[in-house]
>>> print(open('entry.cif').read())   # mmCIF, C-alpha atoms
data_query
loop_
_atom_site.label_atom_id
_atom_site.label_comp_id
_atom_site.auth_asym_id
_atom_site.auth_seq_id
_atom_site.Cartn_x
_atom_site.Cartn_y
_atom_site.Cartn_z
CA MET A 199 38.58 139.12 141.66
CA ILE A 200 41.35 141.66 141.11
CA LEU A 201 44.80 140.39 140.18
CA ILE A 202 48.00 142.37 140.76
CA ILE A 203 51.08 141.08 138.95
CA SER A 204 54.22 142.21 140.77
CA THR A 205 56.58 141.15 143.56
CA HIS A 206 55.56 140.32 147.09
CA GLU A 207 57.83 143.17 148.29
CA ASP A 208 56.36 145.85 146.02
CA VAL A 209 55.19 148.70 148.28
CA HIS A 210 53.03 150.18 145.51
CA ALA A 211 51.16 146.91 145.10
CA GLN A 212 50.75 146.66 148.87
CA ALA A 213 49.37 150.22 149.08
CA VAL A 214 46.74 149.59 146.42
CA MET A 215 45.81 146.23 147.95
CA ARG A 216 45.25 147.95 151.31
CA GLU A 217 42.98 150.51 149.65
CA LEU A 218 40.98 147.76 147.98
CA THR A 219 40.63 145.83 151.23
CA GLN A 220 39.54 148.94 153.14
CA LYS A 221 36.87 149.53 150.51
CA GLY A 222 35.50 146.03 151.00
CA HIS A 223 37.11 144.32 148.00
CA SER A 224 38.37 141.17 149.67
CA SER A 225 38.97 139.26 146.44
CA VAL A 226 42.43 140.62 145.65
CA ARG A 227 45.44 138.46 144.82
CA LEU A 228 49.07 139.25 144.10
CA LEU A 229 50.74 137.10 141.47
CA ASP A 230 54.56 136.94 141.53
CA PHE A 231 55.91 135.17 138.46
CA SER A 232 58.95 134.02 140.44
CA ASP A 233 56.56 131.56 142.13
CA PHE A 234 56.10 129.75 138.80
CA PRO A 235 56.44 126.82 138.33
CA MET A 236 57.29 125.54 141.83
CA ARG A 237 54.57 127.34 143.88
CA LEU A 238 52.14 128.26 141.13
CA ALA A 239 50.57 126.29 138.30
CA LEU A 240 48.37 127.14 135.35
CA ARG A 241 45.71 125.07 133.63
CA MET A 242 43.85 125.77 130.40
CA HIS A 243 41.27 123.29 129.20
CA LEU A 244 39.25 123.85 126.02
CA ASP A 245 37.08 121.52 123.97
CA ASN A 246 34.49 121.67 121.19
CA ASN A 247 31.52 121.29 123.53
CA GLY A 248 31.51 124.81 124.89
CA HIS A 249 33.93 124.16 127.73
CA SER A 250 36.66 126.69 128.44
CA MET A 251 38.82 126.95 131.56
CA HIS A 252 41.75 129.30 132.21
CA GLU A 253 42.95 128.74 135.74
CA LEU A 254 45.76 129.83 138.07
CA ARG A 255 46.50 127.40 140.87
CA PHE A 256 47.98 128.97 143.99
CA PRO A 257 48.98 126.80 146.99
CA ASP A 258 45.79 127.70 148.86
CA ARG A 259 43.25 127.95 146.05
CA ALA A 260 42.59 127.99 142.31
CA ILE A 261 41.45 131.15 140.55
CA SER A 262 39.58 131.06 137.28
CA MET A 263 40.54 133.89 134.94
CA GLU A 264 36.85 134.10 134.05
CA GLU A 265 36.21 135.54 137.53
CA VAL A 266 39.00 138.14 137.27
CA THR A 267 37.53 141.57 136.49
CA ALA A 268 40.74 143.64 136.53
CA VAL A 269 44.49 143.05 136.32
CA TRP A 270 47.22 145.51 137.28
CA TRP A 271 50.30 144.65 135.20
CA ARG A 272 52.58 146.35 137.70
CA ARG A 273 56.11 144.84 137.80
CA PRO A 274 56.13 141.32 136.30
CA GLN A 275 59.16 139.27 137.32
CA ALA A 276 61.12 136.49 135.65
CA PHE A 277 59.80 132.96 136.06
CA GLY A 278 61.39 131.01 138.91
CA ILE A 279 62.84 128.10 136.97
CA PRO A 280 64.56 126.04 139.72
CA PRO A 281 68.37 126.28 139.92
CA THR A 282 68.58 122.52 139.57
CA VAL A 283 67.87 123.10 135.88
CA LYS A 284 71.41 124.07 134.92
CA ASP A 285 71.49 123.54 131.16
CA PRO A 286 71.06 127.07 129.68
CA THR A 287 69.29 125.68 126.62
CA VAL A 288 66.75 123.87 128.78
CA ARG A 289 66.28 126.95 131.00
CA HIS A 290 65.69 129.16 127.97
CA PHE A 291 63.21 126.67 126.54
CA ALA A 292 61.28 126.50 129.84
CA MET A 293 61.19 130.30 130.08
CA CYS A 294 59.90 130.67 126.53
CA GLU A 295 57.24 128.00 126.97
CA ALA A 296 56.00 129.60 130.20
CA ALA A 297 55.92 133.06 128.64
CA THR A 298 53.95 131.82 125.63
CA ALA A 299 51.44 129.92 127.75
CA PHE A 300 50.79 132.89 130.04
CA GLN A 301 50.61 135.26 127.08
CA GLY A 302 47.83 133.14 125.61
CA MET A 303 45.98 133.14 128.91
CA TRP A 304 46.25 136.93 129.21
CA GLN A 305 45.08 137.50 125.65
CA ALA A 306 41.99 135.39 126.34
CA SER A 307 41.10 137.47 129.39
CA ARG A 308 38.18 139.91 129.18
CA ALA A 309 39.25 141.78 132.31
CA LEU A 310 40.32 145.42 132.49
CA TRP A 311 44.10 145.47 132.09
CA VAL A 312 46.12 148.27 133.65
CA ASN A 313 47.87 148.18 131.25
CA ASN A 314 47.14 145.94 128.27
CA ILE A 315 50.42 144.04 127.99
CA VAL A 316 50.81 144.60 124.24
CA ARG A 317 50.11 148.34 124.51
CA ASP A 318 52.27 148.54 127.64
CA ALA A 319 55.28 147.07 125.84
CA ALA A 320 54.84 149.34 122.81
CA ALA A 321 54.48 152.43 125.01
CA THR A 322 57.92 151.95 126.57
CA HIS A 323 59.67 152.97 123.34
CA LYS A 324 60.80 156.59 123.74
CA ALA A 325 60.95 157.32 120.02
CA TRP A 326 57.31 156.29 119.65
CA GLN A 327 56.27 158.35 122.69
CA LEU A 328 57.94 161.49 121.35
CA THR A 329 56.55 161.01 117.84
CA LEU A 330 53.01 160.51 119.12
CA ALA A 331 53.24 163.39 121.59
CA LYS A 332 54.35 165.72 118.81
CA GLN A 333 51.52 164.54 116.53
CA ILE A 334 48.97 165.25 119.27
CA GLY A 335 50.31 168.75 119.81
CA LEU A 336 52.40 168.41 122.94
CA ARG A 337 55.66 170.32 122.90
CA ILE A 338 58.77 168.12 123.06
CA PRO A 339 62.49 168.88 123.37
CA GLU A 340 64.38 169.17 120.09
CA THR A 341 65.61 165.60 119.71
CA LEU A 342 68.11 163.62 117.64
CA ILE A 343 68.25 159.83 117.80
CA THR A 344 71.16 158.49 115.81
CA ASN A 345 74.20 156.24 115.61
CA ASP A 346 75.82 158.50 112.99
CA PRO A 347 78.78 160.37 114.55
CA ALA A 348 78.59 163.15 111.94
CA GLU A 349 74.91 163.79 112.67
CA ALA A 350 75.66 163.80 116.40
CA ARG A 351 78.46 166.35 115.98
CA GLN A 352 76.19 168.59 113.90
CA PHE A 353 73.49 168.50 116.62
CA TRP A 354 76.04 169.26 119.34
CA ALA A 355 77.35 172.22 117.34
CA ALA A 356 73.84 173.63 116.95
CA PHE A 357 73.32 173.74 120.74
CA PRO A 358 76.76 174.11 122.38
CA GLY A 359 76.63 173.33 126.08
CA GLU A 360 72.87 172.64 125.90
CA VAL A 361 72.74 168.98 124.85
CA VAL A 362 71.69 166.14 127.15
CA PHE A 363 71.81 162.45 126.40
CA LYS A 364 70.17 159.41 127.97
CA PRO A 365 69.63 155.69 127.31
CA PHE A 366 66.52 154.16 125.76
CA THR A 367 66.22 151.67 128.62
CA ASN A 368 67.64 151.21 132.09
CA THR A 369 68.32 147.94 133.86
CA ILE A 370 69.66 147.13 137.32
CA ASN A 371 73.07 146.43 135.83
CA SER A 372 73.19 149.34 133.36
CA TRP A 373 71.35 152.29 134.91
CA ARG A 374 72.26 155.68 133.44
CA GLU A 375 70.92 159.11 134.37
CA THR A 376 70.24 161.92 131.92
CA ARG A 377 73.51 163.83 131.47
CA ILE A 378 74.72 167.11 130.01
CA LEU A 379 77.18 166.47 127.19
CA LYS A 380 80.60 167.73 128.31
CA PRO A 381 83.14 169.20 125.84
CA GLU A 382 85.64 166.42 126.61
CA GLU A 383 82.98 163.79 125.73
CA GLU A 384 82.64 165.13 122.20
CA GLY A 385 85.92 163.42 121.39
CA GLN A 386 84.15 160.09 121.85
CA ALA A 387 81.70 160.73 119.00
CA GLU A 388 82.79 157.62 117.10
CA ALA A 389 81.40 155.48 119.94
CA VAL A 390 77.92 156.63 118.90
CA ARG A 391 78.20 154.33 115.89
CA LEU A 392 77.96 151.26 118.13
CA ALA A 393 74.39 151.96 119.30
CA PRO A 394 71.75 154.69 118.80
CA VAL A 395 71.76 157.49 121.37
CA ILE A 396 69.05 159.99 122.31
CA PHE A 397 70.34 163.57 122.23
CA GLN A 398 68.06 166.42 123.26
CA ARG A 399 68.34 170.14 123.77
CA TYR A 400 68.26 170.88 127.49
CA VAL A 401 64.97 172.37 128.71
CA PRO A 402 65.16 174.60 131.81
CA GLY A 403 62.26 174.92 134.20
CA THR A 404 60.17 173.25 136.89
CA ASP A 405 59.85 169.46 136.85
CA LEU A 406 56.38 167.90 136.78
CA ARG A 407 55.35 164.36 137.66
CA ILE A 408 51.85 163.63 136.39
CA THR A 409 50.20 160.35 137.31
CA ALA A 410 47.48 159.36 134.84
CA ILE A 411 44.83 156.87 136.00
CA GLY A 412 41.96 156.28 133.63
CA ASN A 413 40.58 159.75 132.93
CA ARG A 414 42.19 161.39 135.97
CA LEU A 415 45.47 163.30 136.25
CA PHE A 416 47.43 163.88 139.45
CA ALA A 417 50.04 166.57 138.82
CA ALA A 418 52.90 167.49 141.16
CA GLU A 419 55.79 169.90 140.73
CA THR A 420 59.29 170.28 142.10
CA ASP A 421 62.33 172.38 141.29
CA ALA A 422 65.49 170.40 140.55
CA LYS A 423 67.53 173.56 141.13
CA GLU A 424 66.87 172.99 144.82
CA GLY A 425 68.66 169.64 144.61
CA GLU A 426 72.19 168.50 143.92
CA TYR A 427 71.63 167.48 140.29
CA GLN A 428 69.57 169.76 138.08
CA VAL A 429 69.62 167.70 134.88
CA ASP A 430 67.80 164.58 136.14
CA VAL A 431 65.24 165.05 138.91
CA ARG A 432 65.43 161.33 139.79
CA LEU A 433 68.84 161.82 141.41
CA ASN A 434 67.48 164.25 144.02
CA THR A 435 65.84 162.24 146.79
CA ASN A 436 65.09 165.17 149.11
CA LEU A 437 63.20 167.49 146.79
CA LYS A 438 59.83 168.82 147.95
CA TYR A 439 56.82 168.12 145.74
CA ARG A 440 53.70 170.27 145.61
CA GLN A 441 50.39 169.83 143.84
CA HIS A 442 50.34 171.55 140.45
CA ASP A 443 47.37 172.94 138.51
CA LEU A 444 47.67 171.92 134.88
CA PRO A 445 46.11 174.17 132.23
CA VAL A 446 43.02 172.64 130.63
CA ARG A 447 44.67 172.46 127.21
CA VAL A 448 47.57 170.43 128.67
CA GLN A 449 45.13 168.13 130.47
CA GLU A 450 43.28 167.44 127.25
CA LYS A 451 46.45 166.74 125.28
CA LEU A 452 47.81 164.37 127.93
CA LEU A 453 44.58 162.39 128.13
CA GLU A 454 44.47 162.20 124.33
CA PHE A 455 48.08 160.98 124.41
CA MET A 456 47.26 158.26 126.96
CA ARG A 457 44.28 157.07 124.93
CA ALA A 458 46.38 157.00 121.76
CA LEU A 459 48.92 154.80 123.53
CA GLY A 460 46.10 152.64 124.88
CA LEU A 461 47.26 153.05 128.48
CA GLU A 462 45.09 153.09 131.59
CA TYR A 463 48.00 154.11 133.80
CA GLY A 464 51.19 156.07 133.27
CA ALA A 465 53.66 158.28 135.14
CA ILE A 466 54.38 161.26 132.89
CA ASP A 467 57.43 163.49 133.17
CA MET A 468 57.24 167.06 131.87
CA ARG A 469 58.88 170.41 132.52
CA ARG A 470 57.32 173.87 132.71
CA THR A 471 59.71 176.40 131.23
CA PRO A 472 60.24 179.90 132.67
CA ASP A 473 57.99 181.30 129.92
CA GLY A 474 55.13 178.97 130.89
CA GLU A 475 55.44 176.32 128.16
CA TYR A 476 54.82 172.67 129.07
CA VAL A 477 57.34 170.27 127.53
CA PHE A 478 56.74 166.51 127.41
CA PHE A 479 59.68 164.21 128.19
CA GLU A 480 58.32 160.69 128.57
CA VAL A 481 55.78 158.36 130.17
CA ASN A 482 56.58 155.30 132.26
CA PRO A 483 53.73 152.74 132.07
CA ALA A 484 54.78 151.32 135.45
CA GLY A 485 56.22 154.45 137.07
CA GLN A 486 56.22 155.06 140.81
CA PHE A 487 53.76 157.38 142.56
CA LEU A 488 53.97 156.82 146.31
CA TYR A 489 56.61 159.51 146.84
CA VAL A 490 54.28 162.03 145.19
CA GLU A 491 51.30 160.82 147.20
CA THR A 492 53.24 161.07 150.46
CA ALA A 493 54.50 164.58 149.68
CA THR A 494 51.27 166.09 148.38
CA GLY A 495 48.49 164.15 150.07
CA MET A 496 46.86 163.40 146.71
CA LYS A 497 44.98 160.09 146.93
CA ILE A 498 46.65 158.30 144.03
CA SER A 499 46.57 154.79 145.55
CA GLU A 500 42.85 155.19 146.23
CA ALA A 501 42.21 156.35 142.66
CA LEU A 502 44.03 153.36 141.24
CA ALA A 503 42.15 151.02 143.57
CA ASP A 504 38.85 152.59 142.46
CA HIS A 505 39.79 152.21 138.79
CA LEU A 506 40.63 148.54 139.25
CA ALA A 507 37.47 147.94 141.26
CA ALA A 508 35.29 149.59 138.61
CA GLY A 509 36.78 147.33 135.93
CA THR A 510 35.93 149.89 133.24
CA PRO A 511 38.45 151.26 130.72
CA ALA A 512 39.08 154.98 130.40
CA SER A 513 36.75 156.92 128.12
CA THR A 514 38.01 157.35 124.57
CA GLU A 515 36.40 160.78 124.60
CA CYS A 516 39.24 162.10 126.80
CA GLN A 517 36.88 164.08 128.98
CA GLY A 518 38.67 163.30 132.22
CA ALA A 519 39.05 165.51 135.21
CA VAL A 520 42.21 166.59 136.96
CA ALA A 521 42.18 165.02 140.39
CA PRO A 522 41.60 167.28 143.38
#
>>> encode(input="entry.cif", output="structure tokens")
Amino acid sequence: MILIISTHEDVHAQAVMRELTQKGHSSVRLLDFSDFPMRLALRMHLDNNGHSMHELRFPDRAISMEEVTAVWWRRPQAFGIPPTVKDPTVRHFAMCEAATAFQGMWQASRALWVNNIVRDAAATHKAWQLTLAKQIGLRIPETLITNDPAEARQFWAAFPGEVVFKPFTNTINSWRETRILKPEEEGQAEAVRLAPVIFQRYVPGTDLRITAIGNRLFAAETDAKEGEYQVDVRLNTNLKYRQHDLPVRVQEKLLEFMRALGLEYGAIDMRRTPDGEYVFFEVNPAGQFLYVETATGMKISEALADHLAAGTPASTECQGAVAP
């Protein structure tokens, strides 16, 4: 049994489920946390006589976690506590109890997790990503993370007109793109004191999206200069992506980086400078890949389906191959 934790509307989950079905893996189930507790139940029964049961109860059947060989932790949603529970204290309590119960069930699982939920959460922190990437030998942009206005001003002065800034996290209600710092914004330096900000020296070049699955890398390139917004490639929906051949040394460093983070899957953003240097920006443990697959023809959905079906974690020896 392969379990995919996401939303029913997730096109990435649907694509991988189709691949699994076409390959003869009929035991695939999507778990949407918004179905809990009204359309989904859990049961864990343990005793001192050797009995252990960790079970998910869907409307049509029950699934024992002991039969689950792989889990894709894709896009977990909030629990669907019914709106009839109006007291915010009660709602918070129910949410916390559900999260703790499921966390215990996941920790007891011996399945392949893509990704391990503890490692996945840790890997989302940009400061940790950059620190680890630098330690491994990947080149990173010159970076300052601070809430000290004086330090920010000093960094801006060192690279006039070449500083970008971006948030640590993005939500539906507070999404922010990567931006070039404008001269008129420097007058707002005191606002930095309210919360840490990531400032980086702008890196020119060709944007790379590298999808890592187990020991395989799927690299694609595009040029943001061909779009309307050169600073953040995400704001250009019509850019053309092409397959990119990564140098062996970059392949090795990226696979080492993924193993150090403990990730089985990640969408890596880099940039190749005009002088041929590869600069690491970040990795998204649940990043999208279908737009790259559609543009390049690389079989990323199939590779992820194969990795889940195999149920085997990536080699710690980092001897992966770049996908054809």
>>> closest_residue(input="entry.cif", among="A:Ile200, A:Leu244, A:Ala387, A:Leu444", to="Arg469 (chain A)", atoms="all atoms listed in the file")
A:Leu444
>>> resolve_selection(input="entry.cif", expression="the PyMOL selection byres ((chain A and resi 470-478) around 9)", output="tab-separated table (two decimals) with C-alpha atoms, keeping the file's coordinate frame")
chain	number	residue	atom	x	y	z
A	328	LEU	CA	57.94	161.49	121.35
A	331	ALA	CA	53.24	163.39	121.59
A	332	LYS	CA	54.35	165.72	118.81
A	336	LEU	CA	52.40	168.41	122.94
A	337	ARG	CA	55.66	170.32	122.90
A	338	ILE	CA	58.77	168.12	123.06
A	339	PRO	CA	62.49	168.88	123.37
A	401	VAL	CA	64.97	172.37	128.71
A	402	PRO	CA	65.16	174.60	131.81
A	403	GLY	CA	62.26	174.92	134.20
A	404	THR	CA	60.17	173.25	136.89
A	405	ASP	CA	59.85	169.46	136.85
A	406	LEU	CA	56.38	167.90	136.78
A	448	VAL	CA	47.57	170.43	128.67
A	466	ILE	CA	54.38	161.26	132.89
A	467	ASP	CA	57.43	163.49	133.17
A	468	MET	CA	57.24	167.06	131.87
A	469	ARG	CA	58.88	170.41	132.52
A	479	PHE	CA	59.68	164.21	128.19
A	480	GLU	CA	58.32	160.69	128.57
A	481	VAL	CA	55.78	158.36	130.17
>>> resolve_selection(input="entry.cif", expression="the PyMOL selection byres ((chain A and resi 492-502) around 9)", output="PyMOL selection string")
chain A and resi 210+213-215+217-218+409+411-412+414+416+418+438-441+463+487-491+503-507+521-522
>>> closest_residue(input="entry.cif", among="A:Ala319, A:Val362, A:Val283, A:Leu461", to="Asn413 (chain A)", atoms="all atoms listed in the file")
A:Leu461
>>> residues_around(input="entry.cif", residues="His323 (chain A)", least_positions_apart="4", cutoff="12 Å", atoms="all atoms listed in the file", output="number ranges by chain")
A: 317-319, 327-330, 365-368, 396, 459, 480-483
>>> atom_distance(input="entry.cif", atom1="CA of Gly464 (chain A)", atom2="CA of Met293 (chain A)")
27.8 Å
>>> atom_distance(input="entry.cif", atom1="CA of Ala355 (chain A)", atom2="CA of Lys324 (chain A)")
23.6 Å
>>> resolve_selection(input="entry.cif", expression="the PyMOL selection byres ((chain A and resi 306-316) around 8)", output="PyMOL selection string")
chain A and resi 263-264+266-272+302-305+317-320+460-463+483+506+509-511
>>> closest_residue(input="entry.cif", among="A:Ser262, A:Arg255, A:His249, A:Pro274", to="Asp230 (chain A)", atoms="only C-alpha atoms")
A:Pro274
>>> atom_distance(input="entry.cif", atom1="CA of Ala276 (chain A)", atom2="CA of Lys364 (chain A)")
25.8 Å
